[in-house]
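Heads up: the structure comes next, in structure tokens.
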Amino acid sequence: MKLIFEKSQPGRQATTIPASDVPAVQASKAIPAHLLRDEVELPEVAEVDIVRHYTNLSRRNFGVDLGFYPLGSCTMKYNPKVNEEAAKLPGFTQQHPYAPAEWSQGSMQMMYELRQMLSEILGMKDFTLQPAAGAHGELTGVMMIKKYFDRLGQKRTKILIPDAAHGTNPASGALCGFQTVEVRSNAEGGVDLDHLRELMTEDVAGLMLTNPNTVGLFERNLEQVMEIVKSKGGIMYCDGANANAYIGTNRPGDLGFDVIQLNLHKTFSTPHGCGGPGSGPVGVSEKLVDFLPVPRVVKKGDAYEWEYDAPDSIGRVKAFYGNFNVMIKAYTYIRSLGAAGLKRASENAVLNANYIKEKLRDHYQLAFDRICMHEVVFSGEKQVKESGVHTADIAKRLLDYGVHPPTIYFPMIVPEAIMIEPNETESKETLDDFCEIMIKIAGEAKENPEMLHKAPLTMPVKRLDGVQAARQPDVCFSGGCC
Ligand SMILES: *Cc1c(COP(=O)(O)O)cnc(C)c1O
């Protein structure tokens with residue numbers, strides 16, 4: 001098939017615009033030279049060529065609407081289509097962010113209620129909806145922690161982060177000026193309490209704990225962890241990106257966390273990938289409520305207003321009010337499932353992961369042999385030792401069977417990691433099919449390792465040179481070739 005650039009014909013175009021009724025001016029005469037952009041070499045094609053180009057590309061793509069997509073950590077959660085319908089309502093899409101509050105009552109009510117629902121679900125005092133993603137939520141949370149200690153007049157320079165944490169945690173701590181210090185994991189995949197005790201001193205602002213953590217395990221010693229951190233006046237931060245494992249079963253606020261960021265695009269059903277859009281609301285306990293960003297929607301009588309006057313606020317962290325349409329989808333999801341439905345979604349996510357764990361345990365080595373939460377982590381070390389087949393070979397081979405590979409080589413504390421997260425809506429039959437394929441591949445690894453090194457065998461592109469792609473990226477920004 002020809003590339004769209006090869007189809008280009010000078011002068012061919014997709015739209016015809018009426019002749020201009022003002023004299024044409026050459027750009028170089030009207031705009032100072034240093035502000036002029038280089039000529040962009042866009043393909044000149046007809047509308048039908050553009051439609052075919054993008055439709056063909058979309059057919060080469062893989063998504064949750066095409067097949068099983070067990071990507072761990074990122075949670076390719078099911079996104080009910082009704083969410084999209086709600087987000088498409090003209091009352092929302094036609095709303096201008098600069099419209100005055102009197103004209104925006106419905107949108108403000110939605111945001112106000114979403115904040116209330118999230119506070120109730122997670123057991124927090126209040127939430128901000130501004131942050132645009134999980135990492136941005138972490139940054140917002142850590143900024144509030146910093147301001148909290150500034151107000152107390154305490155100089156705390158470090159923040160503790162377990163070695164299993166998502167890379168964004170140390171990045172957020174460092175961006176706020178903290179020295180990030182790594183806490184070791186113990187043999188059962190939790191926080192090493194002795195190491196934590198050793199590190200938790202009075203110059204430490206707190207601990208950023210992912211729970212369940214990035215190996216899909218609930219922290220068994222949470223009470224002791226809390227006690228160690230709080231006995232030195234530290235703040236417990238919860239990275240709530242994995243909250244989809246326990247909604248309706250426990251509330252981080254009740255457990256003693258003072259801050260939590262959520263990823264609406266993971267836990268509350270917004271499609272994600274390719275960098276957005278996301279939404280990373282941050283919930284706080286009473287202790288930190290004054291530091292929440294502004295503006296905040298407040299309710300006065302029956303009316304909603306914007307409140308800017310909050311002397312201790314860390315200020316604004318996002319243009320306008322956050323990624324608004326992601327909020328609508330989360331709101332719709334919560335309202336349509338209700339309390340019982342949300343709890344059931346989490347229970348099913350955990351059940352599905354444990355089902356896979358049990359079915360595959362004799363064929364792949366479990367990283368931690370205990371009940372997992374919403375995701376299960378295997379290690380491909382058994383295959384490496386037995387036949388020299390690596391996790392990457394297994395993942396590539398899955399493509400031949402029409403399955404999107406799980407997350408691999410993450411978390412980094414598990415060698416040859418294979419991190420499988422089935423979402424809560426997958427049926428037993430789909431899980432059985434997937435496990436059968438995984439077992440078949442384990443057999444192929446023993447019998448025909450050479451073939452697995454070459455997989456995928458049936459895809460339009462075969463084994464790519466990942467190292468060269470990372471070192472010399474050839475990225476095209478004109479849209480369509482990546
Ligand atoms: C995804 C994730 C993040 C980062 O969230 P983004 O929305 O991608 O910025 C942080 N922590 C954990 C545990 C995650 O899974």
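If you're wondering about the labels, chains in the structure tokens are A, B, ... by order shown, residues count from 1 in each chain, ligands from 1 in order shown.
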Please identify every residue of chain A that has at least one atom no farther than 10 Å from an atom of ligand 1, counting only C-alpha atoms and all ligand atoms, and for each give the shortest atom pair and the distance in Å to one decimal, arranged by chain then increasing number, as a tab-separated table.
residue	atom	partner	partner_atom_place_in_ligand_line	distance
A:Gly72	CA	ligand 1	15 (O)	8.5
A:Ser73	CA	ligand 1	15 (O)	4.7
A:Cys74	CA	ligand 1	1 (C)	5.3
A:Thr75	CA	ligand 1	15 (O)	7.8
A:Pro131	CA	ligand 1	7 (O)	9.5
A:Ala132	CA	ligand 1	7 (O)	7.7
A:Ala133	CA	ligand 1	7 (O)	3.9
A:Gly134	CA	ligand 1	5 (O)	3.4
A:Ala135	CA	ligand 1	9 (O)	3.7
A:His136	CA	ligand 1	9 (O)	6.2
A:Gly137	CA	ligand 1	9 (O)	7.7
A:Glu138	CA	ligand 1	10 (C)	7.7
A:Leu139	CA	ligand 1	9 (O)	9.9
A:Ala164	CA	ligand 1	13 (C)	9.1
A:Ala165	CA	ligand 1	13 (C)	6.5
A:His166	CA	ligand 1	11 (N)	4.8
A:Gly167	CA	ligand 1	10 (C)	7.4
A:Thr168	CA	ligand 1	10 (C)	5.6
A:Asn169	CA	ligand 1	10 (C)	6.7
A:Ser172	CA	ligand 1	10 (C)	9.9
A:Leu209	CA	ligand 1	13 (C)	9.0
A:Thr210	CA	ligand 1	13 (C)	5.9
A:Asn211	CA	ligand 1	13 (C)	8.2
A:Pro212	CA	ligand 1	13 (C)	8.6
A:Asn213	CA	ligand 1	13 (C)	6.9
A:Thr214	CA	ligand 1	13 (C)	5.8
A:Val215	CA	ligand 1	13 (C)	9.6
A:Gly216	CA	ligand 1	13 (C)	9.8
A:Cys238	CA	ligand 1	13 (C)	9.5
A:Asp239	CA	ligand 1	11 (N)	5.9
A:Gly240	CA	ligand 1	13 (C)	6.9
A:Ala241	CA	ligand 1	12 (C)	4.8
A:Asn242	CA	ligand 1	13 (C)	6.2
A:Ala243	CA	ligand 1	13 (C)	9.4
A:Gln261	CA	ligand 1	10 (C)	8.6
A:Leu262	CA	ligand 1	5 (O)	8.5
A:Asn263	CA	ligand 1	7 (O)	5.7
A:Leu264	CA	ligand 1	7 (O)	8.3
A:His265	CA	ligand 1	7 (O)	7.1
A:Lys266	CA	ligand 1	1 (C)	7.5
A:His272	CA	ligand 1	7 (O)	8.9
A:Gly273	CA	ligand 1	8 (O)	8.9
A:Gly275	CA	ligand 1	8 (O)	7.6
A:Gly276	CA	ligand 1	7 (O)	8.1
A:Pro277	CA	ligand 1	7 (O)	8.8
A:Gly278	CA	ligand 1	7 (O)	6.0
A:Ser279	CA	ligand 1	7 (O)	6.9
A:Gly280	CA	ligand 1	7 (O)	6.5
So that I can check the secondary structure, give me every residue of stretch 146-206 of chain A assigned strand (DSSP E) by backbone DSSP, as number ranges by chain. A: 158-162, 179-183, 204-206
Restricting it to N, CA, C and O atoms, dump the selection as a tab-separated table (two decimals), in the first residue's frame.
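Listing of selection_6.tsv after writing:
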chain	number	residue	atom	x	y	z
A	158	LYS	N	13.06	15.29	52.87
A	158	LYS	CA	13.05	14.01	52.15
A	158	LYS	C	11.64	13.45	52.04
A	158	LYS	O	10.78	13.76	52.86
A	159	ILE	N	11.46	12.59	51.07
A	159	ILE	CA	10.20	11.86	50.96
A	159	ILE	C	10.54	10.40	50.63
A	159	ILE	O	11.46	10.14	49.86
A	160	LEU	N	9.83	9.47	51.28
A	160	LEU	CA	10.16	8.05	51.10
A	160	LEU	C	9.26	7.41	50.05
A	160	LEU	O	8.06	7.69	50.00
A	161	ILE	N	9.87	6.55	49.23
A	161	ILE	CA	9.14	5.90	48.15
A	161	ILE	C	9.61	4.45	48.02
A	161	ILE	O	10.80	4.20	47.86
A	162	PRO	N	8.69	3.49	48.12
A	162	PRO	CA	9.10	2.08	47.99
A	162	PRO	C	9.70	1.79	46.61
A	162	PRO	O	9.34	2.44	45.62
A	179	GLN	N	14.20	15.37	48.47
A	179	GLN	CA	15.13	14.31	48.13
A	179	GLN	C	14.34	13.00	48.27
A	179	GLN	O	13.72	12.75	49.30
A	180	THR	N	14.32	12.19	47.22
A	180	THR	CA	13.52	10.97	47.30
A	180	THR	C	14.41	9.82	47.77
A	180	THR	O	15.53	9.65	47.30
A	181	VAL	N	13.88	9.06	48.73
A	181	VAL	CA	14.66	7.98	49.32
A	181	VAL	C	13.89	6.68	49.14
A	181	VAL	O	12.69	6.61	49.45
A	182	GLU	N	14.58	5.66	48.62
A	182	GLU	CA	13.91	4.41	48.27
A	182	GLU	C	13.80	3.46	49.46
A	182	GLU	O	14.79	3.21	50.15
A	183	VAL	N	12.60	2.92	49.69
A	183	VAL	CA	12.40	1.92	50.73
A	183	VAL	C	12.32	0.55	50.06
A	183	VAL	O	11.62	0.38	49.06
A	204	VAL	N	11.80	13.75	57.32
A	204	VAL	CA	11.08	13.11	56.21
A	204	VAL	C	9.62	13.59	56.21
A	204	VAL	O	8.94	13.53	57.23
A	205	ALA	N	9.16	14.07	55.04
A	205	ALA	CA	7.80	14.61	54.96
A	205	ALA	C	6.76	13.50	54.98
A	205	ALA	O	5.63	13.72	55.41
A	206	GLY	N	7.10	12.33	54.48
A	206	GLY	CA	6.12	11.26	54.49
A	206	GLY	C	6.48	10.14	53.54
A	206	GLY	O	7.60	10.09	53.01
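Note that atom CA of A:Ala340 and atom CA of A:Asp126 are 22.1 Å apart.
Summary of the local environment: counting only C-alpha atoms, residues at most 7 Å from stretch 427-434 of chain A, other than itself and those fewer than 3 positions away along its chain, are Ile356, Ile437 and Met438 of chain A.
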Spatial neighbours of A:Leu217, max dist 12 Å, only C-alpha atoms, sep filter under 4 positions, as an MDAnalysis selection string: chainID A and resid 73 164 185 188:191 209:213 221:222 242:243 245:246 350 353:354 367:377
Please produce an output containing N, CA, C and O atoms for each residue in the selection, written as a CSV table (one decimal), in the first residue's frame.
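What follows is the written file selection_38.csv:
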chain,number,residue,atom,x,y,z
A,73,SER,N,-1.1,-2.7,35.4
A,73,SER,CA,-0.7,-1.3,35.9
A,73,SER,C,-1.5,-0.2,35.3
A,73,SER,O,-2.0,0.6,36.0
A,164,ALA,N,9.1,-0.5,44.7
A,164,ALA,CA,8.1,-1.0,43.7
A,164,ALA,C,7.3,0.1,43.0
A,164,ALA,O,6.5,-0.1,42.2
A,185,SER,N,11.5,-3.4,49.3
A,185,SER,CA,10.4,-4.3,49.4
A,185,SER,C,10.8,-5.6,50.2
A,185,SER,O,12.0,-5.9,50.0
A,188,GLU,N,7.8,-10.8,50.6
A,188,GLU,CA,6.4,-11.1,50.2
A,188,GLU,C,5.8,-9.9,49.4
A,188,GLU,O,4.6,-9.8,49.2
A,189,GLY,N,6.6,-9.0,48.9
A,189,GLY,CA,6.2,-7.9,48.0
A,189,GLY,C,5.6,-6.7,48.7
A,189,GLY,O,5.0,-5.9,48.1
A,190,GLY,N,5.8,-6.6,50.1
A,190,GLY,CA,5.3,-5.4,50.8
A,190,GLY,C,6.5,-4.5,51.2
A,190,GLY,O,7.6,-4.8,50.8
A,191,VAL,N,6.2,-3.5,52.1
A,191,VAL,CA,7.2,-2.6,52.5
A,191,VAL,C,8.1,-3.3,53.6
A,191,VAL,O,7.6,-4.0,54.5
A,209,LEU,N,2.9,5.8,49.2
A,209,LEU,CA,2.6,4.3,49.1
A,209,LEU,C,1.6,4.0,48.1
A,209,LEU,O,0.5,4.6,48.1
A,210,THR,N,1.9,3.1,47.2
A,210,THR,CA,0.9,2.7,46.2
A,210,THR,C,0.2,1.4,46.8
A,210,THR,O,0.9,0.5,47.2
A,211,ASN,N,-1.1,1.5,46.9
A,211,ASN,CA,-1.8,0.4,47.6
A,211,ASN,C,-3.1,0.1,46.9
A,211,ASN,O,-3.9,1.0,46.8
A,212,PRO,N,-3.4,-1.1,46.4
A,212,PRO,CA,-2.4,-2.2,46.2
A,212,PRO,C,-1.2,-1.7,45.4
A,212,PRO,O,-1.3,-0.8,44.6
A,213,ASN,N,-0.1,-2.3,45.6
A,213,ASN,CA,1.1,-1.8,45.0
A,213,ASN,C,1.3,-2.2,43.5
A,213,ASN,O,0.4,-2.9,43.0
A,221,ASN,N,1.1,-5.0,56.0
A,221,ASN,CA,1.5,-4.4,57.3
A,221,ASN,C,1.1,-2.9,57.3
A,221,ASN,O,1.8,-2.1,57.9
A,222,LEU,N,0.0,-2.6,56.7
A,222,LEU,CA,-0.4,-1.2,56.6
A,222,LEU,C,-0.4,-0.5,57.9
A,222,LEU,O,0.1,0.7,58.1
A,242,ASN,N,-4.4,2.3,41.6
A,242,ASN,CA,-4.9,1.0,41.6
A,242,ASN,C,-6.2,0.9,42.5
A,242,ASN,O,-6.5,-0.2,42.9
A,243,ALA,N,-6.9,2.0,42.7
A,243,ALA,CA,-8.0,1.9,43.5
A,243,ALA,C,-9.1,1.0,43.0
A,243,ALA,O,-10.0,0.6,43.7
A,245,ALA,N,-9.1,-1.8,42.6
A,245,ALA,CA,-9.1,-3.2,43.3
A,245,ALA,C,-10.0,-3.2,44.6
A,245,ALA,O,-10.3,-4.2,45.1
A,246,TYR,N,-10.4,-2.0,45.1
A,246,TYR,CA,-11.0,-2.1,46.4
A,246,TYR,C,-12.2,-1.1,46.6
A,246,TYR,O,-12.7,-0.9,47.7
A,350,VAL,N,-10.7,-8.4,40.9
A,350,VAL,CA,-9.9,-9.2,41.8
A,350,VAL,C,-10.1,-10.7,41.5
A,350,VAL,O,-9.1,-11.4,41.4
A,353,ALA,N,-8.4,-11.7,38.2
A,353,ALA,CA,-6.9,-11.8,38.2
A,353,ALA,C,-6.5,-13.1,39.0
A,353,ALA,O,-5.6,-13.8,38.6
A,354,ASN,N,-7.2,-13.4,40.0
A,354,ASN,CA,-6.9,-14.6,40.8
A,354,ASN,C,-7.2,-15.9,40.0
A,354,ASN,O,-6.5,-16.9,40.2
A,367,ALA,N,5.5,-14.5,40.7
A,367,ALA,CA,6.5,-13.6,41.4
A,367,ALA,C,6.3,-13.6,42.9
A,367,ALA,O,7.2,-13.7,43.7
A,368,PHE,N,5.0,-13.6,43.3
A,368,PHE,CA,4.7,-13.7,44.7
A,368,PHE,C,3.5,-14.6,44.9
A,368,PHE,O,2.4,-14.4,44.3
A,369,ASP,N,3.7,-15.7,45.6
A,369,ASP,CA,2.6,-16.7,45.7
A,369,ASP,C,1.6,-16.4,46.8
A,369,ASP,O,1.7,-16.9,47.9
A,370,ARG,N,0.8,-15.4,46.6
A,370,ARG,CA,-0.3,-15.1,47.5
A,370,ARG,C,-1.4,-14.5,46.8
A,370,ARG,O,-1.3,-14.1,45.6
A,371,ILE,N,-2.6,-14.3,47.5
A,371,ILE,CA,-3.7,-13.8,46.8
A,371,ILE,C,-3.4,-12.4,46.2
A,371,ILE,O,-2.8,-11.6,47.0
A,372,CYS,N,-3.7,-12.2,45.0
A,372,CYS,CA,-3.4,-10.9,44.4
A,372,CYS,C,-4.6,-10.0,44.4
A,372,CYS,O,-5.7,-10.5,44.7
A,373,MET,N,-4.5,-8.8,44.0
A,373,MET,CA,-5.6,-7.9,43.8
A,373,MET,C,-6.1,-7.9,42.4
A,373,MET,O,-6.4,-9.0,41.9
A,374,HIS,N,-6.0,-6.8,41.7
A,374,HIS,CA,-6.6,-6.7,40.4
A,374,HIS,C,-5.7,-7.1,39.3
A,374,HIS,O,-6.0,-7.1,38.1
A,375,GLU,N,-4.4,-7.4,39.6
A,375,GLU,CA,-3.5,-7.8,38.6
A,375,GLU,C,-2.5,-8.9,39.2
A,375,GLU,O,-2.3,-8.9,40.4
A,376,VAL,N,-2.0,-9.8,38.3
A,376,VAL,CA,-1.2,-10.8,38.8
A,376,VAL,C,0.2,-10.7,38.1
A,376,VAL,O,0.2,-10.5,36.9
A,377,VAL,N,1.3,-10.9,38.8
A,377,VAL,CA,2.6,-10.8,38.2
A,377,VAL,C,3.3,-12.2,38.2
A,377,VAL,O,3.5,-12.8,39.2
Write out as a PyMOL selection string each polymer residue whose atoms come within 12 Å of A:Val48, counting only C-alpha atoms; drop sequence neighbours fewer than 6 positions from it. chain A and resi 4+7+12-15+54-56
Identify, with DSSP run on backbone atoms, the residues in stretch 327-480 of chain A assigned to helix (DSSP H, G or I), and express the list as a PyMOL selection string. chain A and resi 327-360+381-387+391-400+428-447+449-454+466-471
